[in-house]
file entry12.cif (mmCIF, C-alpha atoms)
data_final
#
loop_
_atom_site.label_atom_id
_atom_site.label_comp_id
_atom_site.auth_asym_id
_atom_site.auth_seq_id
_atom_site.Cartn_x
_atom_site.Cartn_y
_atom_site.Cartn_z
CA ASN P 25 -58.68 63.13 61.62
CA ALA P 26 -56.74 63.77 58.40
CA GLY P 27 -53.55 61.92 59.46
CA VAL P 28 -51.15 61.75 56.50
CA THR P 29 -52.38 63.34 53.27
CA GLN P 30 -50.73 62.72 49.91
CA THR P 31 -51.38 64.53 46.66
CA PRO P 32 -51.89 63.81 43.83
CA LYS P 33 -53.40 60.31 44.01
CA PHE P 34 -52.51 59.51 40.40
CA ARG P 35 -50.14 61.03 37.87
CA ILE P 36 -48.74 60.16 34.46
CA LEU P 37 -45.43 61.74 33.47
CA LYS P 38 -43.39 61.68 30.32
CA ILE P 39 -39.74 60.63 30.46
CA GLY P 40 -37.59 63.58 31.45
CA GLN P 41 -40.36 65.57 33.14
CA SER P 42 -40.18 66.63 36.77
CA MET P 43 -42.77 66.73 39.51
CA THR P 44 -43.24 67.07 43.24
CA LEU P 45 -45.24 64.62 45.33
CA GLN P 46 -46.81 66.36 48.29
CA CYS P 47 -47.13 64.93 51.80
CA ALA P 48 -48.59 66.60 54.88
CA GLN P 49 -49.31 65.29 58.37
CA ASP P 50 -51.33 66.92 61.15
CA MET P 51 -50.20 64.74 64.08
CA ASN P 52 -47.13 66.84 65.00
CA HIS P 53 -44.89 63.84 64.29
CA ASN P 54 -41.14 64.35 64.25
CA TYR P 55 -40.32 61.56 61.81
CA MET P 56 -41.44 61.44 58.20
CA TYR P 57 -40.61 58.92 55.49
CA TRP P 58 -40.96 58.32 51.77
CA TYR P 59 -41.27 54.75 50.48
CA ARG P 60 -41.86 53.23 47.08
CA GLN P 61 -43.82 50.01 46.59
CA ASP P 62 -43.23 48.02 43.44
CA PRO P 63 -45.44 45.05 42.46
CA GLY P 64 -44.56 41.94 44.46
CA MET P 65 -41.89 43.75 46.48
CA GLY P 66 -41.61 45.08 50.01
CA LEU P 67 -41.63 48.81 50.66
CA LYS P 68 -38.26 50.45 50.04
CA LEU P 69 -37.18 53.59 51.94
CA ILE P 70 -36.25 56.52 49.68
CA TYR P 71 -35.63 59.36 52.15
CA TYR P 72 -36.54 60.15 55.72
CA SER P 73 -36.51 63.12 58.07
CA VAL P 74 -36.11 63.22 61.85
CA GLY P 75 -37.33 66.80 62.13
CA ALA P 76 -37.67 70.11 60.31
CA GLY P 77 -34.49 70.96 58.45
CA ILE P 78 -33.02 67.43 58.73
CA THR P 79 -33.22 64.82 55.98
CA ASP P 80 -31.27 61.69 55.15
CA LYS P 81 -31.04 59.08 52.41
CA GLY P 82 -32.69 55.72 52.64
CA GLU P 83 -32.06 52.57 50.64
CA VAL P 84 -33.05 53.88 47.16
CA PRO P 85 -32.50 57.68 47.00
CA ASN P 86 -31.13 58.04 43.46
CA GLY P 87 -33.29 60.24 41.22
CA TYR P 88 -35.14 61.85 44.13
CA ASN P 89 -34.77 64.86 46.42
CA VAL P 90 -36.59 65.98 49.54
CA SER P 91 -36.87 68.97 51.83
CA ARG P 92 -38.42 69.48 55.27
CA SER P 93 -38.95 73.15 55.99
CA THR P 94 -41.83 72.56 58.44
CA THR P 95 -42.86 69.75 60.79
CA GLU P 96 -46.02 69.16 58.75
CA ASP P 97 -44.74 68.93 55.16
CA PHE P 98 -42.29 66.57 53.47
CA PRO P 99 -42.40 66.88 49.65
CA LEU P 100 -40.60 64.43 47.36
CA ARG P 101 -39.12 65.81 44.14
CA LEU P 102 -38.51 63.72 41.01
CA GLU P 103 -36.09 65.29 38.56
CA LEU P 104 -35.80 63.89 35.03
CA ALA P 105 -38.38 61.14 35.44
CA ALA P 106 -37.37 57.68 34.21
CA PRO P 107 -39.51 54.56 33.54
CA SER P 108 -37.82 52.84 36.51
CA GLN P 109 -39.53 55.36 38.78
CA THR P 110 -42.97 54.02 37.86
CA SER P 111 -44.27 52.91 41.25
CA VAL P 112 -46.65 53.64 44.10
CA TYR P 113 -45.18 56.15 46.52
CA PHE P 114 -46.15 56.20 50.19
CA CYS P 115 -45.45 58.89 52.71
CA ALA P 116 -45.49 57.96 56.41
CA SER P 117 -44.95 59.63 59.75
CA SER P 118 -44.26 58.58 63.33
CA LEU P 119 -43.75 60.35 66.65
CA ASN P 120 -40.43 58.56 67.13
CA THR P 121 -38.82 55.26 66.15
CA GLY P 122 -39.50 53.47 69.43
CA ALA P 123 -41.05 50.03 69.74
CA GLY P 124 -44.41 51.44 70.77
CA GLU P 125 -44.73 53.80 67.84
CA PRO P 126 -46.30 52.60 64.59
CA GLN P 127 -45.86 54.44 61.33
CA HIS P 128 -48.93 56.17 59.91
CA PHE P 129 -49.17 55.96 56.15
CA GLY P 130 -50.92 58.05 53.54
CA ASP P 131 -52.93 56.39 50.78
CA GLY P 132 -50.20 56.74 48.18
CA THR P 133 -49.48 58.42 44.86
CA ARG P 134 -49.63 56.11 41.84
CA LEU P 135 -47.07 57.36 39.34
CA SER P 136 -46.54 56.13 35.79
CA ILE P 137 -43.61 57.29 33.65
CA LEU P 138 -44.19 56.79 29.92
CA LYS N 11 -28.27 40.98 55.08
CA ASN N 12 -31.49 41.61 57.01
CA GLN N 13 -34.42 39.82 55.40
CA VAL N 14 -38.10 39.23 56.08
CA GLU N 15 -39.82 36.33 54.34
CA GLN N 16 -43.60 35.91 54.37
CA SER N 17 -45.68 32.90 53.46
CA PRO N 18 -47.86 32.05 51.77
CA GLN N 19 -47.58 34.63 48.99
CA SER N 20 -51.35 34.49 48.54
CA LEU N 21 -54.24 32.71 50.23
CA ILE N 22 -57.93 32.25 49.47
CA ILE N 23 -60.32 31.14 52.22
CA LEU N 24 -64.07 31.09 52.76
CA GLU N 25 -65.77 33.67 54.93
CA GLY N 26 -66.00 32.54 58.53
CA LYS N 27 -62.89 30.34 58.39
CA ASN N 28 -59.66 30.93 60.31
CA CYS N 29 -56.23 31.37 58.77
CA THR N 30 -52.61 31.85 59.81
CA LEU N 31 -49.98 33.89 58.00
CA GLN N 32 -46.27 33.32 58.58
CA CYS N 33 -43.27 35.64 58.85
CA ASN N 34 -39.63 34.52 59.21
CA TYR N 35 -36.84 37.02 59.64
CA THR N 36 -33.07 37.21 59.84
CA VAL N 37 -32.92 40.77 61.22
CA SER N 38 -30.31 41.20 63.94
CA PRO N 39 -30.14 42.62 66.52
CA PHE N 40 -33.91 42.46 66.85
CA SER N 41 -35.96 45.31 68.30
CA ASN N 42 -39.60 44.78 67.40
CA LEU N 43 -41.92 43.17 64.84
CA ARG N 44 -44.95 44.83 63.31
CA TRP N 45 -47.90 43.57 61.32
CA TYR N 46 -49.70 45.94 58.96
CA LYS N 47 -52.90 45.51 56.94
CA GLN N 48 -53.00 47.11 53.50
CA ASP N 49 -56.35 47.34 51.74
CA THR N 50 -56.29 47.60 47.95
CA GLY N 51 -55.49 51.17 46.92
CA ARG N 52 -54.77 52.31 50.47
CA GLY N 53 -51.73 52.74 52.69
CA PRO N 54 -50.71 50.17 55.33
CA VAL N 55 -52.41 50.38 58.73
CA SER N 56 -50.77 49.09 61.91
CA LEU N 57 -52.32 45.98 63.52
CA THR N 58 -49.77 45.06 66.21
CA ILE N 59 -46.24 45.79 67.39
CA MET N 60 -44.35 43.23 69.51
CA THR N 61 -41.00 43.43 71.26
CA PHE N 62 -38.82 40.40 71.99
CA SER N 63 -40.39 39.98 75.44
CA GLU N 64 -43.94 39.66 74.06
CA ASN N 65 -44.95 36.33 72.55
CA THR N 66 -48.65 37.02 71.91
CA LYS N 67 -50.62 40.15 71.14
CA SER N 68 -54.24 40.51 70.05
CA ASN N 69 -56.20 43.18 68.22
CA GLY N 70 -59.81 42.06 67.92
CA ARG N 71 -59.93 38.99 65.67
CA TYR N 72 -56.21 39.34 64.87
CA THR N 73 -53.67 37.54 67.09
CA ALA N 74 -49.95 37.83 66.47
CA THR N 75 -47.36 35.51 67.97
CA LEU N 76 -43.61 35.93 68.17
CA ASP N 77 -40.85 33.40 68.81
CA ALA N 78 -37.67 35.47 69.06
CA ASP N 79 -35.54 32.34 69.46
CA THR N 80 -36.56 30.85 66.12
CA LYS N 81 -37.12 34.30 64.56
CA GLN N 82 -40.66 33.49 63.51
CA SER N 83 -43.97 35.29 63.81
CA SER N 84 -47.50 34.42 62.80
CA LEU N 85 -50.71 36.37 62.37
CA HIS N 86 -53.87 34.41 63.08
CA ILE N 87 -57.21 35.69 61.84
CA THR N 88 -60.28 34.25 63.50
CA ALA N 89 -63.75 34.00 61.92
CA SER N 90 -62.69 35.80 58.76
CA GLN N 91 -64.87 38.51 57.23
CA LEU N 92 -65.00 39.88 53.69
CA SER N 93 -63.35 43.06 54.98
CA ASP N 94 -60.26 41.03 55.93
CA SER N 95 -59.41 40.77 52.22
CA ALA N 96 -56.14 42.69 52.01
CA SER N 97 -52.37 42.33 51.97
CA TYR N 98 -50.72 41.70 55.32
CA ILE N 99 -47.20 43.00 55.72
CA CYS N 100 -44.64 41.91 58.31
CA VAL N 101 -42.04 44.55 59.26
CA VAL N 102 -39.02 43.94 61.50
CA SER N 103 -37.06 46.68 63.22
CA VAL N 104 -33.36 46.39 64.02
CA SER N 105 -32.22 47.53 67.43
CA GLY N 106 -30.52 50.91 67.24
CA GLY N 107 -31.43 51.21 63.58
CA GLY N 108 -33.36 54.43 63.89
CA ALA N 109 -35.63 55.71 61.15
CA ASP N 110 -33.97 53.57 58.48
CA GLY N 111 -33.89 50.39 60.55
CA LEU N 112 -37.06 48.75 59.22
CA THR N 113 -37.12 45.75 56.86
CA PHE N 114 -40.43 45.10 55.10
CA GLY N 115 -41.70 41.73 53.90
CA LYS N 116 -43.38 41.40 50.52
CA GLY N 117 -46.73 40.67 52.11
CA THR N 118 -49.35 37.92 51.97
CA HIS N 119 -52.34 38.66 49.75
CA LEU N 120 -55.46 37.31 51.46
CA ILE N 121 -58.78 36.90 49.68
CA ILE N 122 -61.93 36.07 51.63
CA GLN N 123 -64.65 34.49 49.49
CA PRO N 124 -68.34 34.56 50.47
#
call {"tool": "encode", "arguments": {"input": "entry12.cif", "output": "structure tokens"}}
result
Amino acid sequence: NAGVTQTPKFRILKIGQSMTLQCAQDMNHNYMYWYRQDPGMGLKLIYYSVGAGITDKGEVPNGYNVSRSTTEDFPLRLELAAPSQTSVYFCASSLNTGAGEPQHFGDGTRLSIL
Amino acid sequence: KNQVEQSPQSLIILEGKNCTLQCNYTVSPFSNLRWYKQDTGRGPVSLTIMTFSENTKSNGRYTATLDADTKQSSLHITASQLSDSASYICVVSVSGGGADGLTFGKGTHLIIQP
């Protein structure tokens, strides 16, 4: 019962470096999401995907890129890391967006940009 | 602008006591309301999902209520246990909003003391 798996769990980057946050789900869910959670704030949607090959911007997409080549994987790419991107990043998946379908979250990647 | 406000921001109660967390929203048109539990260092986990036609829903010692007329929801925890210490997040979905139609509250941080 792996669910949604995120790697790495922790990472420290220097300003200007790049990295990819990995996310994989084994539930055959169509929808996948990337959120960031800042202290004292609600989760903010960065990007989402409704299926392999289809991605779209959320509320806060600047500085990030995504791809969805398979149903299972939805990596998030940070180019030219900035201190404002210090946050906890959560990947989630759901079968659809209907009222009966909860999102399933991974345990997050804690990212610090110094 | 769609908003979700949760109160209190934080709460400390003794083990065995009951408590109620509040969620007020301005999301329109309304589709459904979700409560998630987020343990420290983990991703959110779904507790309940309610549509506008449901005014009460239970999950073990957790009971959620919804008043779609006043746009208020509450989460009642009965006979609290140390494992209930967590953040509780209220999430409201807009009708027809799709994958980017969720508005997250900032959460209530609950601490159960022995």
call {"tool": "resolve_selection", "arguments": {"input": "entry12.cif", "expression": "the PyMOL selection byres ((chain P) within 8 of (chain N))", "output": "ChimeraX atom specification"}}
result
/P:55,64-69,72,74,82,114,121,123-124,126-132
call {"tool": "resolve_selection", "arguments": {"input": "entry12.cif", "expression": "the PyMOL selection byres ((chain N and resi 90) around 7)", "output": "ChimeraX atom specification"}}
result
/N:25-28,87-89,91-92,94
call {"tool": "residues_around", "arguments": {"input": "entry12.cif", "residues": "P:Asp50", "least_positions_apart": "4", "cutoff": "8 Å", "atoms": "only C-alpha atoms", "output": "number ranges by chain"}}
result
P: 26-28, 96
call {"tool": "resolve_selection", "arguments": {"input": "entry12.cif", "expression": "the PyMOL selection byres ((chain N and resi 65-67) around 12)", "output": "count of residues only"}}
result
31
call {"tool": "closest_residue", "arguments": {"input": "entry12.cif", "among": "P:Ser136, P:Gln49, P:Tyr59, P:Gly122", "to": "N:Val104", "atoms": "all atoms listed in the file"}}
result
P:Gly122
call {"tool": "atom_distance", "arguments": {"input": "entry12.cif", "atom1": "atom CA of P:Cys115", "atom2": "atom CA of N:Leu21"}}
result
27.7 Å
call {"tool": "residues_around", "arguments": {"input": "entry12.cif", "residues": "P:Thr95", "least_positions_apart": "6", "cutoff": "7 Å", "atoms": "only C-alpha atoms", "output": "list in words"}}
result
Asn52, Asn54, Gly75 and Ala76 of chain P
call {"tool": "atom_distance", "arguments": {"input": "entry12.cif", "atom1": "atom CA of N:Leu24", "atom2": "atom CA of N:Ser93"}}
result
12.2 Å
call {"tool": "atom_distance", "arguments": {"input": "entry12.cif", "atom1": "atom CA of P:Lys33", "atom2": "atom CA of P:Leu119"}}
result
24.6 Å
call {"tool": "residues_around", "arguments": {"input": "entry12.cif", "residues": "P:Thr110", "least_positions_apart": "3", "cutoff": "10 Å", "atoms": "only C-alpha atoms", "output": "ChimeraX atom specification"}}
result
/P:36-37,60-62,105-107,113,134-138
call {"tool": "decode", "arguments": {"input": "entry12.cif", "residues": "stretch 59-86 of chain P", "atoms": "N, CA, C and O atoms", "output": "PDB file, in the first residue's frame"}}
result
ATOM      1  N   TYR P  59       1.385  20.860  -4.551  1.00  0.00           N
ATOM      2  CA  TYR P  59       1.057  21.974  -3.667  1.00  0.00           C
ATOM      3  C   TYR P  59       2.324  22.394  -2.909  1.00  0.00           C
ATOM      4  O   TYR P  59       3.220  21.592  -2.688  1.00  0.00           O
ATOM      5  N   ARG P  60       2.323  23.633  -2.469  1.00  0.00           N
ATOM      6  CA  ARG P  60       3.313  24.062  -1.496  1.00  0.00           C
ATOM      7  C   ARG P  60       2.599  24.535  -0.235  1.00  0.00           C
ATOM      8  O   ARG P  60       1.485  25.085  -0.310  1.00  0.00           O
ATOM      9  N   GLN P  61       3.218  24.259   0.908  1.00  0.00           N
ATOM     10  CA  GLN P  61       2.645  24.635   2.195  1.00  0.00           C
ATOM     11  C   GLN P  61       3.661  25.477   2.945  1.00  0.00           C
ATOM     12  O   GLN P  61       4.698  24.988   3.368  1.00  0.00           O
ATOM     13  N   ASP P  62       3.346  26.741   3.101  1.00  0.00           N
ATOM     14  CA  ASP P  62       4.192  27.661   3.845  1.00  0.00           C
ATOM     15  C   ASP P  62       3.670  27.792   5.264  1.00  0.00           C
ATOM     16  O   ASP P  62       2.463  27.615   5.507  1.00  0.00           O
ATOM     17  N   PRO P  63       4.541  28.100   6.232  1.00  0.00           N
ATOM     18  CA  PRO P  63       4.114  28.180   7.636  1.00  0.00           C
ATOM     19  C   PRO P  63       2.921  29.095   7.838  1.00  0.00           C
ATOM     20  O   PRO P  63       2.922  30.246   7.369  1.00  0.00           O
ATOM     21  N   GLY P  64       1.883  28.593   8.498  1.00  0.00           N
ATOM     22  CA  GLY P  64       0.712  29.403   8.808  1.00  0.00           C
ATOM     23  C   GLY P  64      -0.193  29.697   7.631  1.00  0.00           C
ATOM     24  O   GLY P  64      -1.111  30.526   7.741  1.00  0.00           O
ATOM     25  N   MET P  65       0.030  29.026   6.507  1.00  0.00           N
ATOM     26  CA  MET P  65      -0.764  29.291   5.302  1.00  0.00           C
ATOM     27  C   MET P  65      -1.435  28.015   4.822  1.00  0.00           C
ATOM     28  O   MET P  65      -0.991  26.905   5.123  1.00  0.00           O
ATOM     29  N   GLY P  66      -2.505  28.171   4.076  1.00  0.00           N
ATOM     30  CA  GLY P  66      -3.147  27.021   3.453  1.00  0.00           C
ATOM     31  C   GLY P  66      -2.335  26.523   2.266  1.00  0.00           C
ATOM     32  O   GLY P  66      -1.512  27.244   1.714  1.00  0.00           O
ATOM     33  N   LEU P  67      -2.583  25.287   1.863  1.00  0.00           N
ATOM     34  CA  LEU P  67      -1.887  24.740   0.706  1.00  0.00           C
ATOM     35  C   LEU P  67      -2.230  25.530  -0.549  1.00  0.00           C
ATOM     36  O   LEU P  67      -3.389  25.905  -0.776  1.00  0.00           O
ATOM     37  N   LYS P  68      -1.214  25.793  -1.360  1.00  0.00           N
ATOM     38  CA  LYS P  68      -1.394  26.512  -2.614  1.00  0.00           C
ATOM     39  C   LYS P  68      -1.057  25.586  -3.780  1.00  0.00           C
ATOM     40  O   LYS P  68      -0.007  24.929  -3.777  1.00  0.00           O
ATOM     41  N   LEU P  69      -1.918  25.549  -4.798  1.00  0.00           N
ATOM     42  CA  LEU P  69      -1.734  24.672  -5.944  1.00  0.00           C
ATOM     43  C   LEU P  69      -0.708  25.262  -6.902  1.00  0.00           C
ATOM     44  O   LEU P  69      -0.835  26.404  -7.340  1.00  0.00           O
ATOM     45  N   ILE P  70       0.307  24.466  -7.258  1.00  0.00           N
ATOM     46  CA  ILE P  70       1.358  24.915  -8.170  1.00  0.00           C
ATOM     47  C   ILE P  70       1.025  24.496  -9.598  1.00  0.00           C
ATOM     48  O   ILE P  70       0.924  25.332 -10.499  1.00  0.00           O
ATOM     49  N   TYR P  71       0.867  23.210  -9.805  1.00  0.00           N
ATOM     50  CA  TYR P  71       0.506  22.623 -11.094  1.00  0.00           C
ATOM     51  C   TYR P  71      -0.374  21.407 -10.836  1.00  0.00           C
ATOM     52  O   TYR P  71      -0.327  20.814  -9.766  1.00  0.00           O
ATOM     53  N   TYR P  72      -1.128  21.022 -11.854  1.00  0.00           N
ATOM     54  CA  TYR P  72      -1.891  19.794 -11.769  1.00  0.00           C
ATOM     55  C   TYR P  72      -1.937  19.126 -13.138  1.00  0.00           C
ATOM     56  O   TYR P  72      -1.599  19.739 -14.159  1.00  0.00           O
ATOM     57  N   SER P  73      -2.343  17.864 -13.121  1.00  0.00           N
ATOM     58  CA  SER P  73      -2.434  17.087 -14.361  1.00  0.00           C
ATOM     59  C   SER P  73      -3.700  16.237 -14.316  1.00  0.00           C
ATOM     60  O   SER P  73      -4.005  15.622 -13.295  1.00  0.00           O
ATOM     61  N   VAL P  74      -4.427  16.208 -15.408  1.00  0.00           N
ATOM     62  CA  VAL P  74      -5.663  15.419 -15.487  1.00  0.00           C
ATOM     63  C   VAL P  74      -5.426  14.085 -16.172  1.00  0.00           C
ATOM     64  O   VAL P  74      -6.361  13.293 -16.308  1.00  0.00           O
ATOM     65  N   GLY P  75      -4.195  13.827 -16.597  1.00  0.00           N
ATOM     66  CA  GLY P  75      -3.858  12.561 -17.227  1.00  0.00           C
ATOM     67  C   GLY P  75      -2.495  12.666 -17.893  1.00  0.00           C
ATOM     68  O   GLY P  75      -1.936  13.771 -18.019  1.00  0.00           O
ATOM     69  N   ALA P  76      -1.967  11.531 -18.306  1.00  0.00           N
ATOM     70  CA  ALA P  76      -0.646  11.517 -18.939  1.00  0.00           C
ATOM     71  C   ALA P  76      -0.632  12.446 -20.150  1.00  0.00           C
ATOM     72  O   ALA P  76      -1.556  12.434 -20.972  1.00  0.00           O
ATOM     73  N   GLY P  77       0.389  13.286 -20.209  1.00  0.00           N
ATOM     74  CA  GLY P  77       0.555  14.200 -21.321  1.00  0.00           C
ATOM     75  C   GLY P  77      -0.174  15.524 -21.186  1.00  0.00           C
ATOM     76  O   GLY P  77      -0.034  16.407 -22.036  1.00  0.00           O
ATOM     77  N   ILE P  78      -0.953  15.697 -20.093  1.00  0.00           N
ATOM     78  CA  ILE P  78      -1.752  16.914 -19.907  1.00  0.00           C
ATOM     79  C   ILE P  78      -1.417  17.548 -18.562  1.00  0.00           C
ATOM     80  O   ILE P  78      -1.569  16.907 -17.519  1.00  0.00           O
ATOM     81  N   THR P  79      -0.943  18.794 -18.599  1.00  0.00           N
ATOM     82  CA  THR P  79      -0.653  19.518 -17.367  1.00  0.00           C
ATOM     83  C   THR P  79      -1.213  20.928 -17.476  1.00  0.00           C
ATOM     84  O   THR P  79      -1.433  21.437 -18.588  1.00  0.00           O
ATOM     85  N   ASP P  80      -1.434  21.552 -16.328  1.00  0.00           N
ATOM     86  CA  ASP P  80      -1.951  22.915 -16.328  1.00  0.00           C
ATOM     87  C   ASP P  80      -1.490  23.641 -15.083  1.00  0.00           C
ATOM     88  O   ASP P  80      -1.176  23.022 -14.064  1.00  0.00           O
ATOM     89  N   LYS P  81      -1.437  24.990 -15.183  1.00  0.00           N
ATOM     90  CA  LYS P  81      -0.975  25.810 -14.080  1.00  0.00           C
ATOM     91  C   LYS P  81      -2.030  25.938 -13.003  1.00  0.00           C
ATOM     92  O   LYS P  81      -3.223  26.002 -13.282  1.00  0.00           O
ATOM     93  N   GLY P  82      -1.523  26.015 -11.765  1.00  0.00           N
ATOM     94  CA  GLY P  82      -2.389  26.307 -10.640  1.00  0.00           C
ATOM     95  C   GLY P  82      -2.271  27.759 -10.247  1.00  0.00           C
ATOM     96  O   GLY P  82      -2.044  28.632 -11.093  1.00  0.00           O
ATOM     97  N   GLU P  83      -2.370  28.019  -8.950  1.00  0.00           N
ATOM     98  CA  GLU P  83      -2.383  29.388  -8.444  1.00  0.00           C
ATOM     99  C   GLU P  83      -0.995  30.022  -8.423  1.00  0.00           C
ATOM    100  O   GLU P  83      -0.848  31.226  -8.626  1.00  0.00           O
ATOM    101  N   VAL P  84       0.060  29.224  -8.159  1.00  0.00           N
ATOM    102  CA  VAL P  84       1.413  29.766  -7.972  1.00  0.00           C
ATOM    103  C   VAL P  84       2.448  29.018  -8.811  1.00  0.00           C
ATOM    104  O   VAL P  84       3.368  28.400  -8.274  1.00  0.00           O
ATOM    105  N   PRO P  85       2.378  29.076 -10.150  1.00  0.00           N
ATOM    106  CA  PRO P  85       3.259  28.244 -10.984  1.00  0.00           C
ATOM    107  C   PRO P  85       4.640  28.830 -11.284  1.00  0.00           C
ATOM    108  O   PRO P  85       5.530  28.113 -11.761  1.00  0.00           O
ATOM    109  N   ASN P  86       4.829  30.130 -11.005  1.00  0.00           N
ATOM    110  CA  ASN P  86       6.075  30.775 -11.434  1.00  0.00           C
ATOM    111  C   ASN P  86       7.291  30.161 -10.755  1.00  0.00           C
ATOM    112  O   ASN P  86       7.338  30.005  -9.542  1.00  0.00           O
TER     113      ASN P  86
END
